[in-house]
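What follows is a set of notes on a single structure, which appears directly below.
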Amino acid sequence: GEGALIRGLQGATVKIQNEAVSTITREGITDSAGELSFTGLPAGSYTVRASARDHTDKLTRVRVKAGVTSAESLFLVNDVVSIEWSVKE
């Protein structure tokens with residue numbers, strides 16, 4: 001129902017890239033709680049892409065501030081596939 005806690009998604013790939021310096025990137029896989037931590041990122045604006053099998057990719061932007069630990073939650077939507085067919089005898 002509404003307000004229910006949604007478990008984190010294990011095994012999602014998360015890539016983060018600095019918008020000003022494209023060579024500053026990190027990538028990782030979420031743990032059993034659906035969490036991933038990046039440390040030692042230089043301050044700046046970053047693009048974050050999360051992807052997982054059978055889910056729609058999520059793209060967002062985050063701002064990293066020097067000396068500040070921040071958290072960002074992303075919701076990946078399950079892809080639903082609809083198949084229709086007809087049979088002719």
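Lettering and numbering for the structure tokens are positional, with chains as A, B, ... in the shown order, residues counted from 1 in each chain, and ligands counted from 1 in the shown order.
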
Strand (DSSP E) call set, DSSP backbone run, chain A, as a PyMOL selection string: chain A and resi 13-18+25-29+44-51+58-64

Near-stretch 50-57 of chain A list (6 Å; only C-alpha atoms; drop same-chain fewer than 4 positions) as an MDAnalysis selection string: chainID A and resid 12:14 76:79

Hey, can you spit out that residue selection with all heavy atoms as a short mmCIF file (atom, residue, chain, number, x, y, z; two decimals), in the first residue's frame?
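Contents of the output file again17.cif:
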```
data_model
loop_
_atom_site.label_atom_id
_atom_site.label_comp_id
_atom_site.auth_asym_id
_atom_site.auth_seq_id
_atom_site.Cartn_x
_atom_site.Cartn_y
_atom_site.Cartn_z
N ALA A 12 22.14 -2.89 -8.86
CA ALA A 12 21.99 -1.80 -9.83
C ALA A 12 23.36 -1.17 -10.08
O ALA A 12 24.18 -1.05 -9.17
CB ALA A 12 21.02 -0.74 -9.31
N THR A 13 23.62 -0.79 -11.32
CA THR A 13 24.86 -0.12 -11.68
C THR A 13 24.66 1.39 -11.56
O THR A 13 23.68 1.92 -12.10
CB THR A 13 25.28 -0.47 -13.12
OG1 THR A 13 25.48 -1.88 -13.20
CG2 THR A 13 26.57 0.25 -13.51
N VAL A 14 25.57 2.05 -10.86
CA VAL A 14 25.48 3.50 -10.70
C VAL A 14 26.77 4.11 -11.22
O VAL A 14 27.86 3.70 -10.84
CB VAL A 14 25.26 3.90 -9.23
CG1 VAL A 14 25.16 5.41 -9.09
CG2 VAL A 14 24.01 3.21 -8.66
N LEU A 76 13.96 3.44 -9.43
CA LEU A 76 13.99 2.83 -10.76
C LEU A 76 12.67 2.09 -10.98
O LEU A 76 12.29 1.24 -10.18
CB LEU A 76 15.16 1.85 -10.89
CG LEU A 76 16.55 2.41 -10.68
CD1 LEU A 76 17.60 1.34 -10.95
CD2 LEU A 76 16.80 3.61 -11.56
N VAL A 77 12.00 2.40 -12.06
CA VAL A 77 10.70 1.81 -12.36
C VAL A 77 10.90 0.47 -13.08
O VAL A 77 11.70 0.37 -14.00
CB VAL A 77 9.87 2.76 -13.24
CG1 VAL A 77 8.53 2.14 -13.62
CG2 VAL A 77 9.66 4.10 -12.53
N ASN A 78 10.15 -0.55 -12.63
CA ASN A 78 10.16 -1.84 -13.32
C ASN A 78 9.58 -1.66 -14.71
O ASN A 78 8.55 -1.03 -14.88
CB ASN A 78 9.29 -2.87 -12.59
CG ASN A 78 10.06 -3.62 -11.53
OD1 ASN A 78 9.89 -3.33 -10.36
ND2 ASN A 78 10.87 -4.55 -11.91
N ASP A 79 10.26 -2.21 -15.70
CA ASP A 79 9.70 -2.21 -17.06
C ASP A 79 8.62 -3.27 -17.14
O ASP A 79 8.82 -4.40 -16.73
CB ASP A 79 10.79 -2.55 -18.10
CG ASP A 79 11.63 -1.35 -18.44
OD1 ASP A 79 11.15 -0.21 -18.28
OD2 ASP A 79 12.77 -1.55 -18.89
#
```

To one decimal place, how far is atom CA of A:Arg63 from atom CA of A:Gly8 in Å?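 We find that atom CA of A:Arg63 and atom CA of A:Gly8 lie 22.3 Å from each other.
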
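Proximity ranking of A:Leu74, A:Leu59, A:Leu9, A:Ala66 relative to A:Ile29 places A:Leu9 first, based on only C-alpha atoms.
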
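For the pair atom CA of A:Val64 and atom CA of A:Lys15, the separation is 14.5 Å.
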
What's around A:Ala43 at 12 Å? Count only C-alpha atoms, leave out sequence neighbours fewer than 3 positions away in its own chain, and write the answer as an NGL selection string. :A and (17-21 or 24 or 39-40 or 46 or 62-70)

Keeping only N, CA, C and O atoms, take the residues you just selected and write them out as a PDB file, in the first residue's frame.
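Once written, result_22.pdb looks like this:
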```
ATOM      1  N   GLN A  17      29.492  11.135 -12.949  1.00  0.00           N
ATOM      2  CA  GLN A  17      30.492  11.832 -13.763  1.00  0.00           C
ATOM      3  C   GLN A  17      30.432  13.327 -13.488  1.00  0.00           C
ATOM      4  O   GLN A  17      29.357  13.924 -13.482  1.00  0.00           O
ATOM      5  N   ASN A  18      31.614  13.903 -13.256  1.00  0.00           N
ATOM      6  CA  ASN A  18      31.721  15.341 -13.042  1.00  0.00           C
ATOM      7  C   ASN A  18      31.355  16.060 -14.336  1.00  0.00           C
ATOM      8  O   ASN A  18      31.834  15.699 -15.410  1.00  0.00           O
ATOM      9  N   GLU A  19      30.489  17.071 -14.239  1.00  0.00           N
ATOM     10  CA  GLU A  19      30.031  17.778 -15.439  1.00  0.00           C
ATOM     11  C   GLU A  19      31.091  18.703 -16.027  1.00  0.00           C
ATOM     12  O   GLU A  19      31.093  18.957 -17.228  1.00  0.00           O
ATOM     13  N   ALA A  20      32.004  19.197 -15.197  1.00  0.00           N
ATOM     14  CA  ALA A  20      33.033  20.119 -15.689  1.00  0.00           C
ATOM     15  C   ALA A  20      34.279  19.379 -16.172  1.00  0.00           C
ATOM     16  O   ALA A  20      34.940  19.816 -17.111  1.00  0.00           O
ATOM     17  N   VAL A  21      34.595  18.269 -15.524  1.00  0.00           N
ATOM     18  CA  VAL A  21      35.788  17.488 -15.862  1.00  0.00           C
ATOM     19  C   VAL A  21      35.326  16.052 -16.132  1.00  0.00           C
ATOM     20  O   VAL A  21      35.197  15.249 -15.204  1.00  0.00           O
ATOM     21  N   ILE A  24      36.573  12.735 -14.501  1.00  0.00           N
ATOM     22  CA  ILE A  24      36.309  12.383 -13.103  1.00  0.00           C
ATOM     23  C   ILE A  24      35.019  11.574 -13.075  1.00  0.00           C
ATOM     24  O   ILE A  24      33.921  12.123 -13.154  1.00  0.00           O
ATOM     25  N   THR A  39      33.350   7.901  -2.314  1.00  0.00           N
ATOM     26  CA  THR A  39      34.112   8.782  -1.425  1.00  0.00           C
ATOM     27  C   THR A  39      35.213   9.476  -2.220  1.00  0.00           C
ATOM     28  O   THR A  39      35.625   9.000  -3.276  1.00  0.00           O
ATOM     29  N   GLY A  40      35.666  10.595  -1.703  1.00  0.00           N
ATOM     30  CA  GLY A  40      36.780  11.305  -2.308  1.00  0.00           C
ATOM     31  C   GLY A  40      36.454  12.009  -3.607  1.00  0.00           C
ATOM     32  O   GLY A  40      37.352  12.276  -4.410  1.00  0.00           O
ATOM     33  N   TYR A  46      27.559  16.874 -10.680  1.00  0.00           N
ATOM     34  CA  TYR A  46      27.734  15.547 -11.260  1.00  0.00           C
ATOM     35  C   TYR A  46      26.438  15.057 -11.889  1.00  0.00           C
ATOM     36  O   TYR A  46      25.350  15.374 -11.416  1.00  0.00           O
ATOM     37  N   VAL A  62      23.486  15.837  -9.243  1.00  0.00           N
ATOM     38  CA  VAL A  62      23.725  16.107  -7.827  1.00  0.00           C
ATOM     39  C   VAL A  62      24.863  17.105  -7.697  1.00  0.00           C
ATOM     40  O   VAL A  62      25.696  17.239  -8.584  1.00  0.00           O
ATOM     41  N   ARG A  63      24.869  17.809  -6.586  1.00  0.00           N
ATOM     42  CA  ARG A  63      25.932  18.762  -6.297  1.00  0.00           C
ATOM     43  C   ARG A  63      26.728  18.226  -5.121  1.00  0.00           C
ATOM     44  O   ARG A  63      26.156  17.937  -4.067  1.00  0.00           O
ATOM     45  N   VAL A  64      28.035  18.046  -5.325  1.00  0.00           N
ATOM     46  CA  VAL A  64      28.927  17.570  -4.269  1.00  0.00           C
ATOM     47  C   VAL A  64      29.619  18.788  -3.665  1.00  0.00           C
ATOM     48  O   VAL A  64      30.218  19.587  -4.378  1.00  0.00           O
ATOM     49  N   LYS A  65      29.493  18.916  -2.329  1.00  0.00           N
ATOM     50  CA  LYS A  65      30.122  20.031  -1.625  1.00  0.00           C
ATOM     51  C   LYS A  65      31.291  19.509  -0.796  1.00  0.00           C
ATOM     52  O   LYS A  65      31.199  18.430  -0.210  1.00  0.00           O
ATOM     53  N   ALA A  66      32.355  20.275  -0.747  1.00  0.00           N
ATOM     54  CA  ALA A  66      33.561  19.863  -0.014  1.00  0.00           C
ATOM     55  C   ALA A  66      33.254  19.623   1.451  1.00  0.00           C
ATOM     56  O   ALA A  66      32.598  20.441   2.098  1.00  0.00           O
ATOM     57  N   GLY A  67      33.681  18.481   1.974  1.00  0.00           N
ATOM     58  CA  GLY A  67      33.530  18.177   3.384  1.00  0.00           C
ATOM     59  C   GLY A  67      32.119  17.827   3.830  1.00  0.00           C
ATOM     60  O   GLY A  67      31.866  17.720   5.026  1.00  0.00           O
ATOM     61  N   VAL A  68      31.196  17.664   2.893  1.00  0.00           N
ATOM     62  CA  VAL A  68      29.803  17.377   3.240  1.00  0.00           C
ATOM     63  C   VAL A  68      29.405  16.016   2.674  1.00  0.00           C
ATOM     64  O   VAL A  68      29.612  15.737   1.498  1.00  0.00           O
ATOM     65  N   THR A  69      28.845  15.166   3.549  1.00  0.00           N
ATOM     66  CA  THR A  69      28.332  13.874   3.099  1.00  0.00           C
ATOM     67  C   THR A  69      26.852  14.044   2.785  1.00  0.00           C
ATOM     68  O   THR A  69      26.092  14.547   3.606  1.00  0.00           O
ATOM     69  N   SER A  70      26.453  13.659   1.583  1.00  0.00           N
ATOM     70  CA  SER A  70      25.065  13.792   1.155  1.00  0.00           C
ATOM     71  C   SER A  70      24.536  12.446   0.699  1.00  0.00           C
ATOM     72  O   SER A  70      25.301  11.565   0.306  1.00  0.00           O
TER      73      SER A  70
END
```

Could you tell me which of A:Lys58, A:Arg7, A:Arg49, A:Lys88 comes closest to A:Ala33 if we count only C-alpha atoms?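 Residue with the minimum atom-to-atom distance to A:Ala33: A:Arg7.
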
Have a look at A:Glu89, A:Gln10, A:Phe75, A:Ile83 and name the one nearest to A:Ser32; count only C-alpha atoms.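 When distances to A:Ser32 are compared using only C-alpha atoms, the smallest one comes from A:Gln10.
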
For the atom pair atom CA of A:Thr25 and atom CA of A:Ala71, what is the interatomic distance in Å to one decimal place?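 Result for atom CA of A:Thr25 versus atom CA of A:Ala71: 17.6 Å, one decimal.
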